[in-house]
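Note: the block below is target-v6.csv and it holds CSV, C-alpha atoms.
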chain,number,residue,atom,x,y,z
A,234,MET,CA,-5.4,-16.0,16.9
A,235,LEU,CA,-3.2,-13.8,19.1
A,236,MET,CA,-1.3,-15.1,22.1
A,237,PRO,CA,-1.8,-13.7,25.7
A,238,VAL,CA,0.6,-10.8,26.4
A,239,PRO,CA,3.4,-11.6,28.9
A,240,ARG,CA,3.1,-10.4,32.4
A,241,THR,CA,5.9,-8.0,33.1
A,242,ARG,CA,6.6,-5.0,35.4
A,243,GLY,CA,5.9,-2.7,32.6
A,244,ARG,CA,2.6,-1.0,31.7
A,245,ALA,CA,0.0,-3.5,30.4
A,246,SER,CA,-0.9,-1.0,27.6
A,247,ASP,CA,2.7,-1.1,26.4
A,248,GLU,CA,2.7,-4.9,26.1
A,249,VAL,CA,-0.7,-4.8,24.3
A,250,TYR,CA,0.5,-2.1,21.9
A,251,ALA,CA,3.6,-4.1,21.1
A,252,ALA,CA,1.6,-7.3,20.5
A,253,LEU,CA,-1.0,-5.6,18.3
A,254,ALA,CA,1.6,-3.7,16.3
A,255,ALA,CA,3.5,-6.9,15.7
A,256,ALA,CA,0.4,-8.7,14.6
A,257,ILE,CA,-0.4,-5.8,12.2
A,258,ARG,CA,3.1,-5.8,10.8
A,259,ASP,CA,3.1,-9.6,10.4
A,260,LEU,CA,-0.3,-9.5,8.7
A,261,ARG,CA,-1.9,-11.8,11.3
A,262,LEU,CA,-4.2,-8.8,11.6
A,263,PRO,CA,-4.5,-8.0,7.9
A,264,PRO,CA,-5.3,-4.5,6.4
A,265,GLY,CA,-9.0,-3.7,6.7
A,266,ALA,CA,-9.7,-6.3,9.4
A,267,THR,CA,-12.3,-5.3,11.9
A,268,LEU,CA,-11.1,-5.4,15.5
A,269,SER,CA,-13.4,-6.5,18.3
A,270,GLU,CA,-12.4,-5.2,21.8
A,271,THR,CA,-14.1,-8.2,23.3
A,272,ASP,CA,-12.3,-10.7,21.2
A,273,LEU,CA,-8.9,-8.9,21.5
A,274,ALA,CA,-9.2,-8.6,25.3
A,275,GLU,CA,-10.0,-12.3,25.6
A,276,GLN,CA,-7.1,-13.4,23.3
A,277,LEU,CA,-4.6,-11.1,24.9
A,278,GLY,CA,-5.7,-11.8,28.4
A,279,VAL,CA,-6.1,-8.2,29.4
A,280,SER,CA,-8.9,-5.8,30.5
A,281,ARG,CA,-10.5,-3.2,28.3
A,282,THR,CA,-8.6,-0.3,29.8
A,283,PRO,CA,-5.1,-1.2,28.6
A,284,LEU,CA,-6.5,-2.4,25.4
A,285,ARG,CA,-8.2,0.9,24.7
A,286,GLU,CA,-5.1,2.8,25.6
A,287,ALA,CA,-3.1,0.7,23.1
A,288,ILE,CA,-5.7,1.1,20.4
A,289,ALA,CA,-5.5,4.9,20.8
A,290,ARG,CA,-1.7,4.7,20.4
A,291,LEU,CA,-2.1,2.5,17.3
A,292,ALA,CA,-4.5,5.1,15.8
A,293,ASP,CA,-2.0,7.9,16.5
A,294,ALA,CA,0.6,5.8,14.7
A,295,GLY,CA,-1.7,5.3,11.7
A,296,LEU,CA,-2.0,1.6,12.1
A,297,VAL,CA,-5.7,1.4,13.0
A,298,GLN,CA,-8.7,3.6,12.2
A,299,VAL,CA,-11.3,4.3,14.9
A,300,VAL,CA,-14.6,5.3,13.3
A,301,PRO,CA,-17.3,6.5,15.8
A,302,GLN,CA,-20.5,4.4,15.6
A,303,VAL,CA,-18.7,2.0,13.2
A,304,GLY,CA,-15.8,0.4,15.0
A,305,THR,CA,-12.0,-0.1,14.8
A,306,ARG,CA,-10.3,-1.4,11.7
A,307,VAL,CA,-6.7,-2.2,10.8
A,308,ALA,CA,-5.5,0.7,8.5
A,309,LEU,CA,-4.8,-0.1,4.9
A,310,ILE,CA,-1.3,0.1,3.6
A,311,ARG,CA,-0.7,3.7,2.5
A,312,MET,CA,1.7,4.0,-0.4
A,313,ARG,CA,3.0,7.3,0.6
A,314,ASP,CA,4.0,5.9,4.0
A,315,VAL,CA,5.7,3.0,2.3
A,316,GLU,CA,7.8,5.4,0.2
A,317,GLU,CA,8.7,7.6,3.2
A,318,ALA,CA,9.8,4.5,5.2
A,319,ARG,CA,11.8,3.4,2.2
A,320,PHE,CA,13.6,6.8,2.1
A,321,VAL,CA,14.4,6.7,5.8
A,322,ARG,CA,15.6,3.1,5.8
A,323,GLU,CA,17.7,3.5,2.6
A,324,ASN,CA,19.6,6.5,3.9
A,325,LEU,CA,20.2,5.4,7.4
A,326,GLU,CA,21.1,1.9,6.3
A,327,THR,CA,23.6,3.0,3.7
A,328,ALA,CA,25.2,5.2,6.3
A,329,ALA,CA,25.3,2.3,8.8
A,330,PHE,CA,26.9,0.0,6.2
A,331,ALA,CA,29.6,2.6,5.5
A,332,GLY,CA,30.3,2.9,9.2
A,333,ALA,CA,30.4,-0.9,9.7
A,334,CYS,CA,32.7,-1.5,6.7
A,335,GLY,CA,36.1,-3.0,7.7
A,336,SER,CA,34.7,-4.6,10.8
A,337,ASP,CA,37.1,-7.4,11.8
A,338,ASP,CA,34.3,-9.7,13.0
A,339,VAL,CA,31.3,-10.5,10.8
A,340,SER,CA,30.6,-13.8,12.4
A,341,ALA,CA,27.3,-12.6,13.8
A,342,LEU,CA,26.2,-11.6,10.3
A,343,ARG,CA,27.3,-15.0,8.9
A,344,GLY,CA,25.3,-16.7,11.6
A,345,GLN,CA,22.2,-14.8,10.5
A,346,LEU,CA,22.8,-15.9,6.9
A,347,ASP,CA,22.9,-19.5,8.2
A,348,ARG,CA,19.7,-18.9,10.1
A,349,GLN,CA,18.0,-17.5,7.0
A,350,ARG,CA,19.1,-20.5,4.9
A,351,ALA,CA,17.6,-22.9,7.4
A,352,ALA,CA,14.4,-20.9,7.5
A,353,VAL,CA,14.2,-21.1,3.7
A,354,ARG,CA,14.6,-24.8,3.8
A,355,ALA,CA,12.0,-25.1,6.4
A,356,GLN,CA,9.7,-22.6,4.6
A,357,ASP,CA,9.4,-20.8,7.9
A,358,LEU,CA,8.5,-17.2,6.9
A,359,ASP,CA,8.3,-15.9,10.5
A,360,GLU,CA,11.8,-17.2,11.2
A,361,PHE,CA,13.2,-15.8,7.9
A,362,PHE,CA,11.7,-12.4,8.7
A,363,ALA,CA,13.2,-12.4,12.2
A,364,ALA,CA,16.6,-13.4,10.9
A,365,ASP,CA,16.4,-10.8,8.2
A,366,GLU,CA,15.7,-8.1,10.8
A,367,ALA,CA,18.5,-9.4,13.0
A,368,LEU,CA,21.0,-9.2,10.2
A,369,HIS,CA,20.2,-5.5,9.4
A,370,GLU,CA,20.2,-4.6,13.1
A,371,GLN,CA,23.7,-6.2,13.4
A,372,ILE,CA,25.0,-3.9,10.7
A,373,PHE,CA,23.8,-0.9,12.8
A,374,VAL,CA,25.5,-2.4,15.8
A,375,LEU,CA,28.8,-2.8,13.9
A,376,SER,CA,28.5,0.8,12.8
A,377,GLY,CA,28.3,2.0,16.4
A,378,HIS,CA,24.8,3.3,16.0
A,379,PRO,CA,22.4,0.6,17.3
A,380,GLY,CA,19.9,3.2,18.4
A,381,ALA,CA,19.4,4.3,14.8
A,382,TRP,CA,18.1,0.9,14.0
A,383,GLN,CA,15.3,1.4,16.5
A,384,ALA,CA,14.4,4.7,14.7
A,385,VAL,CA,14.1,2.7,11.5
A,386,VAL,CA,12.0,0.0,13.1
A,387,ARG,CA,9.5,2.6,14.4
A,388,MET,CA,9.2,4.2,11.0
A,389,LYS,CA,8.9,1.2,8.7
A,390,VAL,CA,5.8,-0.8,9.8
A,391,GLN,CA,3.9,0.0,6.6
A,392,LEU,CA,7.0,-1.0,4.6
A,393,ASP,CA,7.3,-4.2,6.6
A,394,ARG,CA,3.7,-5.1,5.8
A,395,VAL,CA,4.7,-5.0,2.1
A,396,ARG,CA,7.8,-7.1,2.8
A,397,ARG,CA,5.7,-9.7,4.6
A,398,LEU,CA,3.2,-9.8,1.8
A,399,SER,CA,6.0,-10.6,-0.7
A,400,LEU,CA,7.6,-13.4,1.4
A,401,PRO,CA,5.4,-16.4,0.3
A,402,ASP,CA,7.0,-16.2,-3.2
A,403,PRO,CA,10.0,-18.7,-3.1
A,404,ARG,CA,11.9,-16.6,-5.7
A,405,THR,CA,11.7,-13.6,-3.4
A,406,LEU,CA,13.2,-15.6,-0.5
A,407,ARG,CA,16.0,-16.8,-2.7
A,408,ASP,CA,16.7,-13.3,-4.0
A,409,LEU,CA,16.7,-11.8,-0.5
A,410,LEU,CA,19.1,-14.4,0.8
A,411,ALA,CA,21.4,-13.8,-2.2
A,412,GLU,CA,21.3,-10.0,-1.6
A,413,HIS,CA,22.0,-10.5,2.1
A,414,ARG,CA,25.0,-12.7,1.3
A,415,ALA,CA,26.4,-10.1,-1.2
A,416,ILE,CA,26.0,-7.3,1.4
A,417,VAL,CA,27.8,-9.3,4.1
A,418,ASP,CA,30.6,-10.2,1.7
A,419,ALA,CA,31.0,-6.6,0.7
A,420,LEU,CA,31.1,-5.5,4.3
A,421,ASP,CA,33.7,-8.2,5.1
A,422,ARG,CA,35.9,-6.9,2.2
A,423,GLY,CA,35.5,-3.3,3.3
A,424,ASP,CA,34.0,-2.4,-0.1
A,425,VAL,CA,32.1,0.8,0.9
A,426,ALA,CA,31.1,1.9,-2.6
A,427,GLY,CA,30.0,-1.5,-3.9
A,428,GLY,CA,28.3,-2.4,-0.7
A,429,THR,CA,26.3,0.8,-0.4
A,430,ASP,CA,25.0,0.3,-3.9
A,431,LEU,CA,23.9,-3.2,-2.8
A,432,VAL,CA,22.2,-1.9,0.3
A,433,ARG,CA,20.5,0.9,-1.6
A,434,ALA,CA,19.1,-1.6,-4.2
A,435,HIS,CA,18.1,-4.0,-1.4
A,436,ALA,CA,16.2,-1.2,0.5
A,437,ARG,CA,14.3,-0.3,-2.7
A,438,ARG,CA,13.1,-3.9,-3.3
A,439,ALA,CA,9.9,-3.9,-1.3
A,440,ALA,CA,8.7,-0.5,-2.5
A,441,ALA,CA,9.4,-1.6,-6.1
A,442,GLN,CA,7.3,-4.8,-5.6
A,443,ALA,CA,4.4,-2.8,-4.0
A,444,PRO,CA,2.5,-2.0,-7.3
A,445,ALA,CA,2.4,-5.7,-8.3
A,446,LEU,CA,1.3,-6.7,-4.7
A,447,ARG,CA,-1.3,-4.0,-4.8
A,448,HIS,CA,-2.7,-5.5,-8.0
A,449,ASP,CA,-2.9,-8.9,-6.4
A,450,HIS,CA,-4.3,-7.6,-3.1
A,451,PRO,CA,-6.3,-4.4,-4.0
A,452,ASP,CA,-8.3,-4.4,-0.7
A,453,TYR,CA,-5.0,-4.1,1.3
A,454,PHE,CA,-3.8,-0.8,-0.2
A,455,THR,CA,-4.7,2.9,-0.4
A,456,ASP,CA,-2.9,6.0,-1.7
Would it be possible to restate this file's structure as structure tokens?
Amino acid sequence: MLMPVPRTRGRASDEVYAALAAAIRDLRLPPGATLSETDLAEQLGVSRTPLREAIARLADAGLVQVVPQVGTRVALIRMRDVEEARFVRENLETAAFAGACGSDDVSALRGQLDRQRAAVRAQDLDEFFAADEALHEQIFVLSGHPGAWQAVVRMKVQLDRVRRLSLPDPRTLRDLLAEHRAIVDALDRGDVAGGTDLVRAHARRAAAQAPALRHDHPDYFTD
């Protein structure tokens, strides 16, 4: 069930696009799901016009497939897109880490670690994912390149779907938290070489898990 989009001064289609993209990324709209314009318009509290504009943009972004005479479905997770997103994220994030190294204030990062620990205790996957994203964004802020994080976000929706698919595993949550803590500690020490190795391995985690996840959820993936 989707929530009505907020009423803002922006274009309604932008709000609808953001809501649907988030639902696809978070697997509330799973890969292969059929989308009903009538149901979506009712759930989101919008008319058909902004909804259709948003769906057209989602199709351009490769997140939905519109098949004439058949309907609209959430696109499957494409492995080549996952790998491409991994490449972009890994290279931009290692550069951001190097730029942030030596920062004299990592309190915001420590705060996100505390937030993640609380989410693990509460088994709140949505909160953990949000805190995970906030930690990585803060590294880009400390590097002086916050806009680069937005480029990563736009690129990595397919990768994020794999990440979300892996989160119900308690071991994955513990490992992610441990990796985040090690990255923050390395940044605090100013350990560029060691920290970039940690960031690189961390960025490769989801793509490395994808084959096993595909085995467990074959209907979610395509080449």
Practice problem: Work out how far apart atom CA of Gln391 of chain A and atom CA of Leu409 of chain A are and give it in Å to one decimal. | Solution: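 Straight-line distance from atom CA of Gln391 of chain A to atom CA of Leu409 of chain A works out to 18.8 Å.
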Quiz item: Counting all atoms listed in the file, which of A:Asp421, A:Pro239, A:Gly427, A:Ala328 gets nearest to Gly377 of chain A?
Solution: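 Ranked by minimum distance to Gly377 of chain A, first place goes to A:Ala328.
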Quiz item: For Cys334 of chain A, which residue out of A:Leu260, A:Ile416, A:Ala436, A:Leu392 is the nearest one, using all atoms listed in the file?
Solution: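 Of A:Leu260, A:Ile416, A:Ala436, A:Leu392, the one nearest Cys334 of chain A, counting all atoms listed in the file, is A:Ile416.
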Quiz item: Skipping near chain neighbours, those fewer than 3 positions away, what residues fall within 9 Å of Thr429 of chain A using only C-alpha atoms, listed as a list of chain:residue names?
Solution: A:Glu326, A:Thr327, A:Ala328, A:Phe330, A:Ala331, A:Ile416, A:Ala419, A:Asp424, A:Val425, A:Ala426, A:Val432, A:Arg433, A:Ala434
Distance query Ala439 of chain A at most 10 Å, all atoms listed in the file, self and fewer than 2 positions along chain excluded, as a JSON list (two decimals) with C-alpha atoms, in the coordinates of the input:
[["chain", "number", "residue", "atom", "x", "y", "z"],
["A", 315, "VAL", "CA", 5.70, 3.00, 2.30],
["A", 316, "GLU", "CA", 7.80, 5.40, 0.20],
["A", 319, "ARG", "CA", 11.80, 3.40, 2.20],
["A", 392, "LEU", "CA", 7.00, -1.00, 4.60],
["A", 393, "ASP", "CA", 7.30, -4.20, 6.60],
["A", 394, "ARG", "CA", 3.70, -5.10, 5.80],
["A", 395, "VAL", "CA", 4.70, -5.00, 2.10],
["A", 396, "ARG", "CA", 7.80, -7.10, 2.80],
["A", 397, "ARG", "CA", 5.70, -9.70, 4.60],
["A", 398, "LEU", "CA", 3.20, -9.80, 1.80],
["A", 399, "SER", "CA", 6.00, -10.60, -0.70],
["A", 434, "ALA", "CA", 19.10, -1.60, -4.20],
["A", 435, "HIS", "CA", 18.10, -4.00, -1.40],
["A", 436, "ALA", "CA", 16.20, -1.20, 0.50],
["A", 437, "ARG", "CA", 14.30, -0.30, -2.70],
["A", 441, "ALA", "CA", 9.40, -1.60, -6.10],
["A", 442, "GLN", "CA", 7.30, -4.80, -5.60],
["A", 443, "ALA", "CA", 4.40, -2.80, -4.00],
["A", 444, "PRO", "CA", 2.50, -2.00, -7.30],
["A", 446, "LEU", "CA", 1.30, -6.70, -4.70]]
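When atom CA of Lys389 of chain A is paired with atom CA of Ala318 of chain A, their separation reads 4.9 Å.
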Quiz item: Quick one, how far is atom CA of Ile288 of chain A from atom CA of Ser246 of chain A?
Solution: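 Going from atom CA of Ile288 of chain A over to atom CA of Ser246 of chain A, I get 8.9 Å.
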Practice problem: Counting all atoms listed in the file, write as a PyMOL selection string all protein and nucleic acid residues lying at most 8 Å from (7.4, -11.5, 14.5) in the file's frame. | Solution: chain A and resi 255-256+259+359-360+362-363
Quiz item: Using only C-alpha atoms, which of A:Leu410, A:Leu420, A:Val300, A:Ala287 sits nearest Arg348 of chain A?
Solution: A:Leu410
Quiz item: Counting only C-alpha atoms, which of A:Arg261, A:Glu412, A:Leu268, A:Val249 gets nearest to Thr282 of chain A?
Solution: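 Ranked by minimum distance to Thr282 of chain A, first place goes to A:Val249.
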Quiz prompt | Counting all atoms listed in the file, the option among A:Thr405, A:Leu253, A:Thr267, A:Glu317 closest to Pro237 of chain A | solution = A:Leu253
Exercise. Identify, on the basis of all atoms listed in the file, every residue whose closest approach to Val297 of chain A does not exceed 9 Å; exclude the query and any residue fewer than 4 positions from it along the same chain; express the result as a PyMOL selection string.
Key: chain A and resi 257+264-265+288-289+291-293+305-309
Tell me which protein, DNA and RNA residues are within 10 Å of Glu275 of chain A, counting only C-alpha atoms, leaving out same-chain ones fewer than 4 positions away, and put them as a PDB file with C-alpha atoms, keeping the file's coordinate frame.
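The result, written out as around15.pdb:
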ATOM      1  CA  LEU A 235      -3.200 -13.800  19.100  1.00  0.00           C
ATOM      2  CA  MET A 236      -1.300 -15.100  22.100  1.00  0.00           C
ATOM      3  CA  PRO A 237      -1.800 -13.700  25.700  1.00  0.00           C
ATOM      4  CA  SER A 269     -13.400  -6.500  18.300  1.00  0.00           C
ATOM      5  CA  GLU A 270     -12.400  -5.200  21.800  1.00  0.00           C
ATOM      6  CA  THR A 271     -14.100  -8.200  23.300  1.00  0.00           C
ATOM      7  CA  VAL A 279      -6.100  -8.200  29.400  1.00  0.00           C
ATOM      8  CA  SER A 280      -8.900  -5.800  30.500  1.00  0.00           C
ATOM      9  CA  ARG A 281     -10.500  -3.200  28.300  1.00  0.00           C
TER      10      ARG A 281
END
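Proximity of A:Arg322, A:Ala333, A:Ala266, A:Leu406 to Trp382 of chain A, computed with only C-alpha atoms, is greatest for A:Arg322.
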Mind filling out segment 306-332 of chain A with N, CA, C and O atoms and sending it as a compact mmCIF listing (two decimals), in the frame of the given file?
# COMPACT_ATOMS: atom_id res chain seq x y z
N ARG A 306 -10.81 -0.58 12.73
CA ARG A 306 -10.30 -1.40 11.70
C ARG A 306 -8.78 -1.23 11.53
O ARG A 306 -8.29 -0.12 11.76
N VAL A 307 -8.10 -2.28 11.10
CA VAL A 307 -6.70 -2.20 10.80
C VAL A 307 -6.55 -1.26 9.55
O VAL A 307 -7.27 -1.45 8.56
N ALA A 308 -5.67 -0.29 9.64
CA ALA A 308 -5.50 0.70 8.50
C ALA A 308 -4.97 -0.06 7.29
O ALA A 308 -4.21 -1.03 7.38
N LEU A 309 -5.38 0.43 6.14
CA LEU A 309 -4.80 -0.10 4.90
C LEU A 309 -3.39 0.40 4.75
O LEU A 309 -2.94 1.33 5.42
N ILE A 310 -2.65 -0.26 3.87
CA ILE A 310 -1.30 0.10 3.60
C ILE A 310 -1.25 1.36 2.73
O ILE A 310 -1.75 1.33 1.61
N ARG A 311 -0.70 2.43 3.24
CA ARG A 311 -0.70 3.70 2.50
C ARG A 311 0.63 3.78 1.70
O ARG A 311 1.73 3.72 2.27
N MET A 312 0.52 3.95 0.41
CA MET A 312 1.70 4.00 -0.40
C MET A 312 2.64 5.10 -0.11
O MET A 312 3.86 4.94 -0.19
N ARG A 313 2.11 6.24 0.27
CA ARG A 313 3.00 7.30 0.60
C ARG A 313 3.82 7.05 1.85
O ARG A 313 4.98 7.48 1.98
N ASP A 314 3.25 6.28 2.80
CA ASP A 314 4.00 5.90 4.00
C ASP A 314 5.05 4.84 3.66
O ASP A 314 6.13 4.83 4.25
N VAL A 315 4.73 3.96 2.72
CA VAL A 315 5.70 3.00 2.30
C VAL A 315 6.93 3.68 1.68
O VAL A 315 8.08 3.35 1.97
N GLU A 316 6.68 4.67 0.84
CA GLU A 316 7.80 5.40 0.20
C GLU A 316 8.59 6.19 1.21
O GLU A 316 9.83 6.24 1.13
N GLU A 317 7.92 6.80 2.17
CA GLU A 317 8.70 7.60 3.20
C GLU A 317 9.52 6.65 4.03
O GLU A 317 10.67 6.98 4.34
N ALA A 318 8.99 5.49 4.39
CA ALA A 318 9.80 4.50 5.20
C ALA A 318 10.97 4.03 4.35
O ALA A 318 12.06 3.84 4.89
N ARG A 319 10.74 3.80 3.06
CA ARG A 319 11.80 3.40 2.20
C ARG A 319 12.96 4.42 2.20
O ARG A 319 14.14 4.09 2.30
N PHE A 320 12.59 5.69 2.12
CA PHE A 320 13.60 6.80 2.10
C PHE A 320 14.40 6.79 3.40
O PHE A 320 15.64 6.88 3.36
N VAL A 321 13.72 6.68 4.52
CA VAL A 321 14.40 6.70 5.80
C VAL A 321 15.33 5.49 5.94
O VAL A 321 16.51 5.60 6.31
N ARG A 322 14.79 4.33 5.63
CA ARG A 322 15.60 3.10 5.80
C ARG A 322 16.79 3.13 4.85
O ARG A 322 17.91 2.79 5.27
N GLU A 323 16.59 3.49 3.61
CA GLU A 323 17.70 3.50 2.60
C GLU A 323 18.83 4.39 3.08
O GLU A 323 20.00 3.98 3.06
N ASN A 324 18.50 5.59 3.51
CA ASN A 324 19.60 6.50 3.90
C ASN A 324 20.26 6.19 5.16
O ASN A 324 21.50 6.30 5.24
N LEU A 325 19.53 5.74 6.16
CA LEU A 325 20.20 5.40 7.40
C LEU A 325 20.97 4.07 7.24
O LEU A 325 22.06 3.92 7.81
N GLU A 326 20.45 3.15 6.44
CA GLU A 326 21.10 1.90 6.30
C GLU A 326 22.39 1.96 5.45
O GLU A 326 23.38 1.27 5.72
N THR A 327 22.38 2.79 4.43
CA THR A 327 23.60 3.00 3.70
C THR A 327 24.68 3.63 4.52
O THR A 327 25.87 3.27 4.45
N ALA A 328 24.28 4.57 5.37
CA ALA A 328 25.20 5.20 6.30
C ALA A 328 25.77 4.21 7.30
O ALA A 328 26.97 4.19 7.61
N ALA A 329 24.88 3.35 7.81
CA ALA A 329 25.30 2.30 8.80
C ALA A 329 26.27 1.35 8.13
O ALA A 329 27.28 0.96 8.74
N PHE A 330 25.99 0.96 6.89
CA PHE A 330 26.90 0.00 6.20
C PHE A 330 28.28 0.64 6.05
O PHE A 330 29.29 -0.01 6.32
N ALA A 331 28.33 1.90 5.62
CA ALA A 331 29.60 2.60 5.50
C ALA A 331 30.38 2.60 6.79
O ALA A 331 31.59 2.39 6.83
N GLY A 332 29.64 2.86 7.88
CA GLY A 332 30.30 2.90 9.20
C GLY A 332 30.75 1.56 9.67
O GLY A 332 31.72 1.46 10.43
